[in-house]
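Asks: To be precise about what I am sending: the file is called coords_32.cif and holds mmCIF, C-alpha atoms and all ligand atoms.
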```cif
data_input
#
loop_
_atom_site.label_atom_id
_atom_site.label_comp_id
_atom_site.auth_asym_id
_atom_site.auth_seq_id
_atom_site.Cartn_x
_atom_site.Cartn_y
_atom_site.Cartn_z
CA MET C 1 -75.30 41.76 -12.95
CA SER C 2 -75.51 39.87 -16.24
CA GLU C 3 -74.18 41.50 -19.41
CA TYR C 4 -77.54 41.05 -21.09
CA PRO C 5 -81.03 42.31 -20.19
CA ALA C 6 -82.91 39.90 -17.91
CA HIS C 7 -85.93 39.81 -20.20
CA ILE C 8 -87.22 40.58 -23.66
CA GLU C 9 -90.76 40.89 -24.97
CA ILE C 10 -91.92 38.15 -27.33
CA GLU C 11 -95.33 39.71 -27.93
CA PRO C 12 -97.81 41.65 -25.77
CA HIS C 13 -98.18 39.86 -22.39
CA VAL C 14 -95.40 37.37 -23.20
CA HIS C 15 -91.85 37.89 -21.92
CA LEU C 16 -88.78 35.71 -22.13
CA VAL C 17 -86.80 35.71 -18.88
CA ARG C 18 -83.28 34.73 -19.75
CA GLY C 19 -81.50 32.36 -17.43
CA LYS C 20 -78.16 33.30 -15.91
CA ASN C 21 -75.06 31.59 -17.32
CA GLU C 22 -76.35 32.56 -20.80
CA ALA C 23 -79.32 30.27 -20.10
CA ARG C 24 -77.10 27.19 -20.23
CA PHE C 25 -77.42 24.30 -17.79
CA PRO C 26 -77.96 24.43 -14.80
CA GLU C 27 -80.06 27.48 -15.76
CA ALA C 28 -82.85 27.59 -18.34
CA ASN C 29 -85.10 30.30 -19.73
CA THR C 30 -88.51 31.00 -18.26
CA LEU C 31 -91.54 32.57 -19.92
CA ILE C 32 -93.68 35.04 -18.03
CA ILE C 33 -97.23 35.43 -19.28
CA ASP C 34 -98.25 38.77 -17.82
CA ASP C 35 -101.97 38.24 -18.07
CA GLU C 36 -105.10 37.74 -15.97
CA ILE C 37 -103.47 34.63 -14.61
CA LEU C 38 -99.85 35.59 -14.04
CA THR C 39 -98.11 32.48 -15.33
CA LEU C 40 -94.54 31.21 -15.51
CA VAL C 41 -93.65 28.53 -18.03
CA ASP C 42 -90.81 26.67 -16.28
CA ALA C 43 -88.95 28.03 -13.31
CA GLY C 44 -85.35 27.43 -14.32
CA SER C 45 -84.09 31.02 -14.42
CA HIS C 46 -82.45 32.39 -11.31
CA PRO C 47 -84.93 34.19 -9.00
CA GLU C 48 -83.04 37.47 -9.51
CA GLN C 49 -83.90 37.30 -13.23
CA VAL C 50 -87.53 36.36 -12.60
CA PHE C 51 -88.09 38.90 -9.83
CA SER C 52 -86.50 41.79 -11.70
CA THR C 53 -88.71 40.98 -14.71
CA LEU C 54 -91.79 40.86 -12.50
CA ARG C 55 -90.77 44.19 -10.97
CA ASP C 56 -90.33 45.76 -14.41
CA LEU C 57 -93.83 44.55 -15.31
CA GLY C 58 -95.27 46.10 -12.15
CA HIS C 59 -95.66 42.90 -10.13
CA LYS C 60 -94.33 41.45 -6.92
CA PRO C 61 -93.08 37.86 -6.59
CA GLU C 62 -96.08 37.04 -4.40
CA ASP C 63 -98.43 37.95 -7.31
CA LEU C 64 -97.52 34.78 -9.24
CA ASP C 65 -100.60 32.65 -9.91
CA ARG C 66 -99.30 29.63 -11.73
CA ILE C 67 -96.24 27.70 -12.92
CA VAL C 68 -96.57 25.42 -15.96
CA LEU C 69 -93.71 22.93 -16.28
CA THR C 70 -92.50 21.70 -19.68
CA HIS C 71 -90.95 18.49 -18.26
CA PHE C 72 -89.58 17.07 -15.02
CA HIS C 73 -85.91 18.02 -15.47
CA ALA C 74 -84.13 19.80 -12.63
CA ASP C 75 -82.99 22.75 -14.74
CA HIS C 76 -86.62 23.43 -15.78
CA LYS C 77 -88.60 22.79 -12.60
CA GLY C 78 -85.75 24.78 -11.08
CA TYR C 79 -86.97 27.22 -8.47
CA THR C 80 -90.61 26.08 -8.46
CA SER C 81 -90.69 25.25 -4.76
CA HIS C 82 -89.04 28.58 -3.91
CA PHE C 83 -91.50 30.60 -6.02
CA ARG C 84 -94.39 28.67 -4.63
CA ARG C 85 -93.37 29.29 -1.02
CA ILE C 86 -93.48 33.01 -1.76
CA SER C 87 -96.66 33.16 -3.87
CA ASN C 88 -98.62 29.99 -3.10
CA CYS C 89 -99.10 29.65 -6.88
CA GLU C 90 -100.47 26.49 -8.46
CA VAL C 91 -98.21 24.09 -10.38
CA LEU C 92 -99.25 22.27 -13.55
CA CYS C 93 -97.36 19.66 -15.56
CA HIS C 94 -97.85 16.87 -18.09
CA PRO C 95 -99.51 13.76 -16.57
CA LEU C 96 -96.34 11.75 -17.31
CA ALA C 97 -94.22 14.28 -15.40
CA ARG C 98 -96.24 14.35 -12.23
CA ASP C 99 -94.51 11.70 -10.10
CA ALA C 100 -91.00 12.84 -11.04
CA VAL C 101 -91.87 16.50 -10.35
CA GLU C 102 -93.44 15.74 -6.99
CA SER C 103 -90.76 13.46 -5.62
CA PHE C 104 -87.01 13.92 -5.83
CA GLU C 105 -86.49 10.19 -5.31
CA THR C 106 -88.79 9.41 -8.27
CA MET C 107 -87.03 12.04 -10.37
CA MET C 108 -83.77 10.14 -9.90
CA LYS C 109 -85.38 6.81 -10.82
CA THR C 110 -87.00 8.37 -13.90
CA ILE C 111 -83.62 9.67 -15.02
CA GLY C 112 -82.08 6.23 -14.51
CA ILE C 113 -80.07 6.97 -11.40
CA VAL C 114 -80.47 3.86 -9.29
CA SER C 115 -77.12 2.56 -8.10
CA PRO C 116 -75.72 4.08 -4.88
CA GLU C 117 -72.63 5.11 -6.83
CA THR C 118 -74.45 7.12 -9.51
CA LYS C 119 -76.78 8.54 -6.83
CA GLU C 120 -73.77 9.92 -4.98
CA GLN C 121 -72.34 11.35 -8.23
CA TRP C 122 -75.67 12.98 -9.08
CA LEU C 123 -76.06 14.46 -5.59
CA SER C 124 -72.59 15.90 -5.77
CA LEU C 125 -73.45 17.57 -9.11
CA LEU C 126 -76.64 18.98 -7.58
CA ARG C 127 -74.84 20.23 -4.49
CA SER C 128 -72.46 22.24 -6.63
CA ARG C 129 -74.80 23.35 -9.46
CA LEU C 130 -78.49 22.93 -8.48
CA PRO C 131 -78.83 23.00 -4.70
CA HIS C 132 -82.46 24.19 -4.97
CA VAL C 133 -84.19 21.23 -6.65
CA GLN C 134 -84.38 18.62 -3.93
CA ASP C 135 -87.69 19.64 -2.32
CA ASP C 136 -90.77 17.47 -2.74
CA TYR C 137 -94.07 19.23 -3.40
CA ILE C 138 -97.55 18.57 -4.70
CA VAL C 139 -98.52 19.24 -8.32
CA ASP C 140 -101.99 20.82 -8.43
CA GLY C 141 -103.04 19.61 -11.84
CA THR C 142 -102.02 18.38 -15.27
CA PHE C 143 -102.52 19.78 -18.75
CA ARG C 144 -103.67 17.93 -21.83
CA ASP C 145 -102.22 17.99 -25.30
CA ASP C 146 -105.46 18.98 -26.98
CA ARG C 147 -106.48 21.62 -24.49
CA PRO C 148 -104.97 25.14 -24.54
CA ILE C 149 -104.07 26.65 -21.18
CA ASP C 150 -105.99 29.88 -20.77
CA CYS C 151 -104.06 32.78 -19.24
CA GLY C 152 -106.61 35.50 -20.14
CA GLU C 153 -105.57 37.10 -23.42
CA VAL C 154 -102.89 34.50 -24.06
CA GLN C 155 -103.51 30.84 -24.81
CA LEU C 156 -100.71 28.31 -24.41
CA THR C 157 -101.07 25.22 -26.57
CA PRO C 158 -99.27 22.15 -25.22
CA ILE C 159 -97.51 20.17 -27.98
CA HIS C 160 -96.39 16.87 -26.45
CA SER C 161 -92.95 16.28 -28.01
CA PRO C 162 -91.44 13.17 -26.43
CA GLY C 163 -87.89 12.00 -27.00
CA HIS C 164 -85.74 14.24 -24.83
CA THR C 165 -87.91 12.81 -22.06
CA HIS C 166 -91.27 11.01 -22.22
CA ASP C 167 -93.16 14.04 -20.86
CA HIS C 168 -91.33 16.76 -22.83
CA THR C 169 -93.84 19.35 -24.04
CA CYS C 170 -93.38 22.36 -26.32
CA PHE C 171 -95.88 25.21 -26.19
CA GLY C 172 -97.51 27.25 -28.93
CA ILE C 173 -98.02 30.85 -27.88
CA ASN C 174 -101.40 32.10 -29.14
CA GLY C 175 -101.46 29.53 -31.92
CA LEU C 176 -98.53 27.73 -33.49
CA GLU C 177 -96.60 30.62 -35.04
CA LYS C 178 -94.36 31.09 -32.01
CA ILE C 179 -93.32 27.90 -30.31
CA LEU C 180 -91.44 27.41 -27.07
CA LEU C 181 -89.16 24.60 -28.23
CA VAL C 182 -87.88 23.85 -24.70
CA ASP C 183 -85.11 21.22 -25.02
CA ILE C 184 -85.33 20.87 -28.76
CA ASP C 185 -82.94 23.59 -27.80
CA LEU C 186 -80.94 24.24 -31.01
CA THR C 187 -77.67 24.47 -29.08
CA ASP C 188 -74.34 23.44 -30.58
CA PHE C 189 -74.36 20.42 -28.29
CA GLY C 190 -77.27 18.91 -30.21
CA PRO C 191 -80.09 16.72 -28.89
CA TRP C 192 -79.76 15.21 -25.43
CA TYR C 193 -81.49 11.92 -24.56
CA GLY C 194 -79.54 10.58 -21.59
CA ASN C 195 -82.42 9.33 -19.45
CA ILE C 196 -84.05 5.92 -19.43
CA VAL C 197 -87.31 7.72 -20.33
CA SER C 198 -85.65 9.37 -23.35
CA ASP C 199 -86.28 7.92 -26.80
CA LEU C 200 -84.12 8.55 -29.81
CA GLU C 201 -86.74 7.81 -32.46
CA ASP C 202 -89.44 9.79 -30.67
CA PHE C 203 -86.99 12.69 -30.46
CA ARG C 204 -86.47 12.59 -34.23
CA LYS C 205 -90.22 12.49 -34.83
CA SER C 206 -90.82 15.40 -32.47
CA ILE C 207 -88.26 17.55 -34.32
CA GLU C 208 -89.80 16.54 -37.65
CA ARG C 209 -93.23 17.50 -36.37
CA ILE C 210 -91.98 20.97 -35.40
CA ILE C 211 -90.34 21.33 -38.84
CA ASP C 212 -93.70 20.45 -40.44
CA LEU C 213 -95.44 23.13 -38.42
CA GLN C 214 -93.09 25.73 -39.99
CA PRO C 215 -93.23 28.16 -37.07
CA PRO C 216 -91.77 31.60 -37.87
CA MET C 217 -90.32 31.72 -34.34
CA GLY C 218 -88.80 29.07 -32.08
CA ILE C 219 -87.80 29.82 -28.50
CA SER C 220 -85.14 27.56 -27.03
CA SER C 221 -84.85 27.08 -23.28
CA HIS C 222 -81.07 27.37 -23.53
CA LEU C 223 -80.42 30.18 -26.04
CA LEU C 224 -80.66 33.85 -25.07
CA ASP C 225 -82.63 34.91 -28.14
CA PRO C 226 -85.62 33.44 -29.97
CA VAL C 227 -84.71 32.02 -33.38
CA THR C 228 -86.51 33.51 -36.37
CA GLU C 229 -83.95 33.71 -39.15
CA GLY C 230 -83.10 30.29 -40.58
CA LEU C 231 -85.20 28.40 -38.04
CA ASP C 232 -86.06 25.63 -40.50
CA GLU C 233 -82.39 25.18 -41.35
CA GLN C 234 -81.38 25.16 -37.69
CA LEU C 235 -84.00 22.52 -36.89
CA ARG C 236 -82.71 20.38 -39.76
CA SER C 237 -79.09 20.68 -38.61
CA TYR C 238 -80.23 19.76 -35.12
CA LEU C 239 -81.99 16.69 -36.51
CA ALA C 240 -78.84 15.74 -38.43
CA PHE C 241 -76.95 15.19 -35.15
CA PHE C 242 -78.55 11.75 -34.80
CA ASP C 243 -77.09 10.51 -38.10
CA LYS C 244 -73.72 12.12 -37.40
CA ARG C 245 -73.51 10.37 -34.05
CA ASP C 246 -74.53 7.06 -35.64
CA GLU C 247 -71.71 7.46 -38.15
CA GLU C 248 -69.16 8.30 -35.50
CA ILE C 249 -70.19 5.29 -33.42
CA LEU C 250 -69.92 3.03 -36.48
CA HIS C 251 -66.50 4.47 -37.21
CA HIS C 252 -65.24 3.64 -33.71
CA ILE C 253 -66.73 0.16 -33.81
CA GLY C 254 -64.95 -0.32 -37.13
CA GLU C 255 -61.73 0.65 -35.34
CA GLY C 256 -62.30 -2.12 -32.80
CA VAL C 257 -64.08 -0.36 -29.93
CA ASP C 258 -66.64 -3.02 -29.08
CA THR C 259 -68.56 -2.14 -25.90
CA VAL C 260 -70.74 0.78 -24.84
CA LYS C 261 -68.47 1.33 -21.84
CA GLN C 262 -65.46 1.78 -24.14
CA LEU C 263 -67.39 4.01 -26.53
CA ALA C 264 -68.38 6.17 -23.55
CA GLN C 265 -64.72 6.56 -22.66
CA VAL C 266 -64.05 8.25 -26.04
CA PRO C 267 -66.60 10.00 -25.40
CA ILE C 268 -68.79 10.27 -28.50
CA ILE C 269 -71.65 12.57 -27.55
CA TYR C 270 -70.24 14.73 -24.78
CA PRO C 271 -67.16 16.66 -25.82
CA ARG C 272 -65.78 15.80 -22.36
CA ILE C 273 -67.08 14.38 -19.08
CA PRO C 274 -66.93 17.22 -16.52
CA TYR C 275 -68.92 15.36 -13.81
CA SER C 276 -68.69 11.61 -13.34
CA VAL C 277 -72.49 11.19 -13.53
CA TYR C 278 -72.29 12.41 -17.16
CA LEU C 279 -70.68 9.09 -17.99
CA LEU C 280 -74.00 7.43 -17.11
CA PHE C 281 -75.84 9.83 -19.46
CA GLU C 282 -73.29 9.19 -22.21
CA GLU C 283 -73.77 5.43 -21.80
CA ILE C 284 -77.57 5.71 -21.85
CA MET C 285 -77.42 7.77 -25.07
CA LEU C 286 -74.98 5.33 -26.66
CA ASP C 287 -77.18 2.39 -25.66
CA LYS C 288 -80.04 4.00 -27.57
CA HIS C 289 -77.87 4.42 -30.68
CA ILE C 290 -76.67 0.82 -30.49
CA GLU C 291 -80.26 -0.38 -30.13
CA PHE C 292 -81.23 1.67 -33.20
CA LEU C 293 -78.23 0.50 -35.25
CA SER C 294 -78.85 -3.10 -34.33
CA LYS C 295 -82.54 -2.80 -35.24
CA ASN C 296 -81.43 -1.49 -38.63
CA ASP C 297 -78.95 -4.36 -39.16
CA LEU C 298 -75.90 -2.11 -39.05
CA VAL C 299 -74.34 -3.68 -35.97
CA LEU C 300 -74.45 -7.05 -34.27
CA LEU C 301 -74.76 -7.14 -30.52
CA GLU C 302 -73.67 -10.31 -28.73
CA ASP C 303 -73.02 -10.61 -24.99
CA GLY C 304 -72.52 -6.86 -24.76
CA HIS C 305 -69.94 -6.89 -27.56
CA ILE C 306 -70.67 -4.90 -30.69
CA GLN C 307 -69.40 -5.51 -34.19
CA LEU C 308 -70.26 -4.12 -37.58
CA GLN C 309 -72.82 -6.10 -39.51
CA ARG C 310 -71.38 -6.70 -42.95
CA ALA C 311 -73.76 -7.03 -45.85
ZN ZN G 401 -84.53 18.69 -20.21
#
```
For this file, write the structure as structure tokens.
Replies:
Amino acid sequence: MSEYPAHIEIEPHVHLVRGKNEARFPEANTLIIDDEILTLVDAGSHPEQVFSTLRDLGHKPEDLDRIVLTHFHADHKGYTSHFRRISNCEVLCHPLARDAVESFETMMKTIGIVSPETKEQWLSLLRSRLPHVQDDYIVDGTFRDDRPIDCGEVQLTPIHSPGHTHDHTCFGINGLEKILLVDIDLTDFGPWYGNIVSDLEDFRKSIERIIDLQPPMGISSHLLDPVTEGLDEQLRSYLAFFDKRDEEILHHIGEGVDTVKQLAQVPIIYPRIPYSVYLLFEEIMLDKHIEFLSKNDLVLLEDGHIQLQRA
């Protein structure tokens, strides 16, 4: 048993199912919309959490009608194939997510895992932390940014927020006052953009867009509680990570570290590298910073060697 309740009510019909492991990777939170169309948003919380919530709401697992996925990542699509086997529910995702959700092989390519070596590292991480995400299955349909998903009483408004991944989508719950922020996750780690389909500048813009919307409530996929108090401030601190990482990278380059591989050995973004495949993610994120810094004339990149650009 977890030390915290499996679910909390966000508003009538809308419940936050908290992932195990305090909702941290490899788990993620799930929303249950207990409505005419019994809907899950993401399927990253352990089935025990989801099923006990359904039971408390008077449902059985086989009653599930639909799963809406926020993006193709393994910790969010999570137990989709398992839930679908039980309930035969439909699965919806963003058009850009479709191929990577349907095929495990395409998911790896979309992440940027292509060499046999990184593939083996990734599979070993999955075997130990996410053994349930390797099934292929068919996505029944896609949602559109400008078209709310109708659950009955509740409307979910997709807000395409690329950066973390190209398909990453936040959801407004009955308008834009309460927003599922997904992996604009407000954790102490900060933003994560370690896939080839991630984009640092898009990520910034997506956070800025959420700040502009001034939602009174933001729900992270990796925090146990929705954020209401100080949400604006928390979003701004989260945005500030990009500049802080730029500065740290510049500092190390100033000290003579002159390749991405060496920077990744520090490491800069991860506090440590617990699984070897994380080194690939660290390098991809650093590559994006170097690209940005070079575009802004702060570093010079020549034959893979980086140096500070002096004015
Ligand atoms: Zn993600």
Asks: Which residues form the shell of 8 Å around ligand ZN 401 (chain G) when you count all atoms listed in the file, given as a list of chain:residue names?
Replies: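 These are the residues that qualify: C:His71, C:Phe72, C:His73, C:Ala74, C:Asp75, C:His76, C:His164, C:Thr165, C:His168, C:Val182, C:Asp183, C:Trp192.
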Asks: Pro267 of chain C: which residues within 10 Å, counting only C-alpha atoms, same-chain residues fewer than 3 positions away excluded, as number ranges by chain?
Replies: C: 249, 261-264, 270-273, 279, 282-283, 286
Asks: Within 8 Å of Ser87 of chain C, counting all atoms listed in the file, which residues show up once you throw out same-chain ones fewer than 4 positions away? Write them as a ChimeraX atom specification, please.
Replies: /C:61-65,83
Asks: For segment 111-126 of chain C, list every protein, DNA or RNA residue within 7 Å, evaluated using all atoms listed in the file, and leave out those in the same chain fewer than 2 positions away; present the list as a short mmCIF file (atom, residue, chain, number, x, y, z; two decimals) with C-alpha atoms, in the frame of the given file.
Replies:
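So selection.cif came out as:
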```cif
data_model
loop_
_atom_site.label_atom_id
_atom_site.label_comp_id
_atom_site.auth_asym_id
_atom_site.auth_seq_id
_atom_site.Cartn_x
_atom_site.Cartn_y
_atom_site.Cartn_z
CA MET C 107 -87.03 12.04 -10.37
CA MET C 108 -83.77 10.14 -9.90
CA LYS C 109 -85.38 6.81 -10.82
CA SER C 128 -72.46 22.24 -6.63
CA ARG C 129 -74.80 23.35 -9.46
CA LEU C 130 -78.49 22.93 -8.48
CA PRO C 131 -78.83 23.00 -4.70
CA ASN C 195 -82.42 9.33 -19.45
CA ILE C 196 -84.05 5.92 -19.43
CA VAL C 197 -87.31 7.72 -20.33
CA TYR C 275 -68.92 15.36 -13.81
CA SER C 276 -68.69 11.61 -13.34
CA VAL C 277 -72.49 11.19 -13.53
#
```
Asks: With all atoms listed in the file as the basis for distance, which of C:Ile149, C:Ile269, C:Ile173, C:Leu181 is at the shortest distance from Tyr193 of chain C?
Replies: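 Smallest distance to Tyr193 of chain C is found for C:Ile269.
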Asks: Quick one: residues within 9 Å of (-85.7, 40.5, -19.6) (file frame), counting all atoms listed in the file, please, as a list of chain:residue names.
Replies: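 The answer, in the requested form, is C:Tyr4, C:Pro5, C:Ala6, C:His7, C:Ile8, C:Glu9, C:His15, C:Leu16, C:Val17, C:Arg18, C:Gln49, C:Val50, C:Ser52, C:Thr53, C:Asp56.
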Asks: Please produce an output containing C-alpha atoms for each residue in the selection, written as a PDB file, in the coordinates of the input.
Replies:
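Result saved to selection10.pdb:
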```pdb
ATOM      1  CA  TYR C   4     -77.540  41.050 -21.090  1.00  0.00           C
ATOM      2  CA  PRO C   5     -81.030  42.310 -20.190  1.00  0.00           C
ATOM      3  CA  ALA C   6     -82.910  39.900 -17.910  1.00  0.00           C
ATOM      4  CA  HIS C   7     -85.930  39.810 -20.200  1.00  0.00           C
ATOM      5  CA  ILE C   8     -87.220  40.580 -23.660  1.00  0.00           C
ATOM      6  CA  GLU C   9     -90.760  40.890 -24.970  1.00  0.00           C
ATOM      7  CA  HIS C  15     -91.850  37.890 -21.920  1.00  0.00           C
ATOM      8  CA  LEU C  16     -88.780  35.710 -22.130  1.00  0.00           C
ATOM      9  CA  VAL C  17     -86.800  35.710 -18.880  1.00  0.00           C
ATOM     10  CA  ARG C  18     -83.280  34.730 -19.750  1.00  0.00           C
ATOM     11  CA  GLN C  49     -83.900  37.300 -13.230  1.00  0.00           C
ATOM     12  CA  VAL C  50     -87.530  36.360 -12.600  1.00  0.00           C
ATOM     13  CA  SER C  52     -86.500  41.790 -11.700  1.00  0.00           C
ATOM     14  CA  THR C  53     -88.710  40.980 -14.710  1.00  0.00           C
ATOM     15  CA  ASP C  56     -90.330  45.760 -14.410  1.00  0.00           C
TER      16      ASP C  56
END
```
Asks: When you look at His251 of chain C with a cut-off of 12 Å (counting only C-alpha atoms), what residues show up, excluding the ones that are within fewer than 4 positions of it in the same chain? I need them as a PyMOL selection string.
Replies: chain C and resi 244-247+255-258+263+268+298-299+307-308
Asks: Between C:Ala43, C:Leu280, C:Leu239, C:Cys89, which one has atoms that come closest to His132 of chain C, using only C-alpha atoms?
Replies: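 When distances to His132 of chain C are compared using only C-alpha atoms, the smallest one comes from C:Ala43.
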Asks: Which is closer to Glu302 of chain C than all the others in C:Gln265, C:Gly19, C:Asp243, C:Thr259, using only C-alpha atoms?
Replies: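 Answer, going by the shortest atom-to-atom distance: C:Thr259.
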Asks: Using Å and a single decimal, report how far atom CA of Leu92 of chain C sits from atom CA of Gly141 of chain C.
Replies: 4.9 Å
Asks: Please determine, counting only C-alpha atoms, which residue among C:Thr80, C:Glu153, C:Val260, C:Ala23 has the shortest atom-to-atom distance to Asp185 of chain C.
Replies: C:Ala23
Asks: Of the candidates C:Pro191, C:Gly175, C:Pro26, C:Pro148, which shows the shortest atom-to-atom distance to Pro216 of chain C, using all atoms listed in the file?
Replies: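 Counting all atoms listed in the file, the residue closest to Pro216 of chain C is C:Gly175.
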Asks: Just give me the gap between atom CA of Leu176 of chain C and atom CA of Cys93 of chain C in Å, one decimal is fine.
Replies: 19.7 Å
Asks: Which is closest to Ser294 of chain C among C:Gln309, C:Gln134, C:Thr228, C:Ser103, if we use all atoms listed in the file?
Replies: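 So, comparing all the options, the nearest one is C:Gln309.
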Asks: Could you work out how far atom CA of Pro162 of chain C lies from atom CA of Ala100 of chain C, giving the answer in Å with one decimal?
Replies: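 Separation of atom CA of Ala100 of chain C and atom CA of Pro162 of chain C: 15.4 Å.
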Asks: List every protein, DNA or RNA residue that has an atom no more than 12 Å from (-93.0, 29.3, -25.4) in the file's coordinate frame, counting all atoms listed in the file, and report them as a tab-separated table (two decimals) with C-alpha atoms, in the frame of the given file.
Replies:
```
chain	number	residue	atom	x	y	z
C	9	GLU	CA	-90.76	40.89	-24.97
C	10	ILE	CA	-91.92	38.15	-27.33
C	11	GLU	CA	-95.33	39.71	-27.93
C	14	VAL	CA	-95.40	37.37	-23.20
C	15	HIS	CA	-91.85	37.89	-21.92
C	16	LEU	CA	-88.78	35.71	-22.13
C	17	VAL	CA	-86.80	35.71	-18.88
C	29	ASN	CA	-85.10	30.30	-19.73
C	30	THR	CA	-88.51	31.00	-18.26
C	31	LEU	CA	-91.54	32.57	-19.92
C	32	ILE	CA	-93.68	35.04	-18.03
C	33	ILE	CA	-97.23	35.43	-19.28
C	39	THR	CA	-98.11	32.48	-15.33
C	40	LEU	CA	-94.54	31.21	-15.51
C	41	VAL	CA	-93.65	28.53	-18.03
C	42	ASP	CA	-90.81	26.67	-16.28
C	68	VAL	CA	-96.57	25.42	-15.96
C	69	LEU	CA	-93.71	22.93	-16.28
C	70	THR	CA	-92.50	21.70	-19.68
C	154	VAL	CA	-102.89	34.50	-24.06
C	155	GLN	CA	-103.51	30.84	-24.81
C	156	LEU	CA	-100.71	28.31	-24.41
C	157	THR	CA	-101.07	25.22	-26.57
C	158	PRO	CA	-99.27	22.15	-25.22
C	159	ILE	CA	-97.51	20.17	-27.98
C	169	THR	CA	-93.84	19.35	-24.04
C	170	CYS	CA	-93.38	22.36	-26.32
C	171	PHE	CA	-95.88	25.21	-26.19
C	172	GLY	CA	-97.51	27.25	-28.93
C	173	ILE	CA	-98.02	30.85	-27.88
C	174	ASN	CA	-101.40	32.10	-29.14
C	175	GLY	CA	-101.46	29.53	-31.92
C	176	LEU	CA	-98.53	27.73	-33.49
C	177	GLU	CA	-96.60	30.62	-35.04
C	178	LYS	CA	-94.36	31.09	-32.01
C	179	ILE	CA	-93.32	27.90	-30.31
C	180	LEU	CA	-91.44	27.41	-27.07
C	181	LEU	CA	-89.16	24.60	-28.23
C	182	VAL	CA	-87.88	23.85	-24.70
C	183	ASP	CA	-85.11	21.22	-25.02
C	184	ILE	CA	-85.33	20.87	-28.76
C	185	ASP	CA	-82.94	23.59	-27.80
C	215	PRO	CA	-93.23	28.16	-37.07
C	217	MET	CA	-90.32	31.72	-34.34
C	218	GLY	CA	-88.80	29.07	-32.08
C	219	ILE	CA	-87.80	29.82	-28.50
C	220	SER	CA	-85.14	27.56	-27.03
C	221	SER	CA	-84.85	27.08	-23.28
C	226	PRO	CA	-85.62	33.44	-29.97
C	227	VAL	CA	-84.71	32.02	-33.38
```
